[in-house]
Amino acid sequence: MLIQEGYPDPIEVRREPDGWLAEHSHPFEVYALILEGQIQLSVAGEVNTYKVGDIFYLGAQELHAESYGKTGVLYLASRRLVDDF
């Protein structure tokens with residue numbers, strides 16, 4: 001699906017246990033598959049927790065905050081710059 005939609009090969013992203021990032025955005029869209037641990041994303045006041053096997057999507061410039069579980073998180077992320085489509 002990612003290749004058909006113009007996304008590059010995914011990269012591994014690891015975040016530290018009990019870590020977090022304050023509200024921010026990125027210049028790219030991202031699909032990510034959780035491989036280990038969990039991540040909590042807060043978008044527009046809605047908080048969702050993603051665990052092993054879950055996939056999340058964030059749009060380009062979408063404001064969000066992140067926090068990671070007690071074991072941190074490892075996920076595969078495929079990022080596509082908005083200018084790429």
# chains A, B, ... in the order shown; residues from 1 in each chain; ligands from 1
call {"tool": "residues_around", "arguments": {"residues": "A:His24", "least_positions_apart": "3", "cutoff": "12 Å", "atoms": "only C-alpha atoms", "output": "list in words"}}
result
Trp20, Leu21, Pro27, Leu41, Ser42, Val43, Ala44, Leu58, Ala60, Gln61, Glu62, Leu63, His64, Ala65 and Glu66 of chain A
call {"tool": "write_last_selection", "arguments": {"atoms": "C-alpha atoms", "output": "PDB file, in the first residue's frame"}}
result
ATOM      1  CA  TRP A  20       7.653  12.522  25.594  1.00  0.00           C
ATOM      2  CA  LEU A  21       7.580  15.330  23.048  1.00  0.00           C
ATOM      3  CA  PRO A  27       6.490  18.739   7.189  1.00  0.00           C
ATOM      4  CA  LEU A  41      -0.563  10.495  20.561  1.00  0.00           C
ATOM      5  CA  SER A  42      -2.629  13.544  21.419  1.00  0.00           C
ATOM      6  CA  VAL A  43      -4.196  15.206  18.364  1.00  0.00           C
ATOM      7  CA  ALA A  44      -6.801  17.978  18.605  1.00  0.00           C
ATOM      8  CA  LEU A  58      -0.355  11.675  11.053  1.00  0.00           C
ATOM      9  CA  ALA A  60       1.628  16.853   7.362  1.00  0.00           C
ATOM     10  CA  GLN A  61       1.645  19.878   9.703  1.00  0.00           C
ATOM     11  CA  GLU A  62      -0.788  18.096  12.076  1.00  0.00           C
ATOM     12  CA  LEU A  63      -0.153  19.351  15.617  1.00  0.00           C
ATOM     13  CA  HIS A  64       0.356  16.495  18.051  1.00  0.00           C
ATOM     14  CA  ALA A  65       2.091  15.535  21.294  1.00  0.00           C
ATOM     15  CA  GLU A  66       3.726  12.153  21.971  1.00  0.00           C
TER      16      GLU A  66
END
call {"tool": "select_by_dssp", "arguments": {"residues": "stretch 13-81 of chain A", "states": "strand (DSSP E)", "output": "number ranges by chain"}}
result
A: 13-15, 20-24, 28-43, 46-51, 55-58, 64-81
call {"tool": "closest_residue", "arguments": {"among": "A:Leu81, A:Gly69, A:Met1, A:Leu33", "to": "A:Thr49", "atoms": "only C-alpha atoms"}}
result
A:Gly69
call {"tool": "closest_residue", "arguments": {"among": "A:Glu36, A:Asp54, A:Glu46, A:Glu29", "to": "A:Arg14", "atoms": "only C-alpha atoms"}}
result
A:Glu36
call {"tool": "closest_residue", "arguments": {"among": "A:Ile55, A:Ala77, A:Ile34, A:Ile39", "to": "A:Tyr7", "atoms": "only C-alpha atoms"}}
result
A:Ala77
call {"tool": "closest_residue", "arguments": {"among": "A:Lys51, A:Val30, A:Gly45, A:Gln38", "to": "A:Glu5", "atoms": "only C-alpha atoms"}}
result
A:Val30
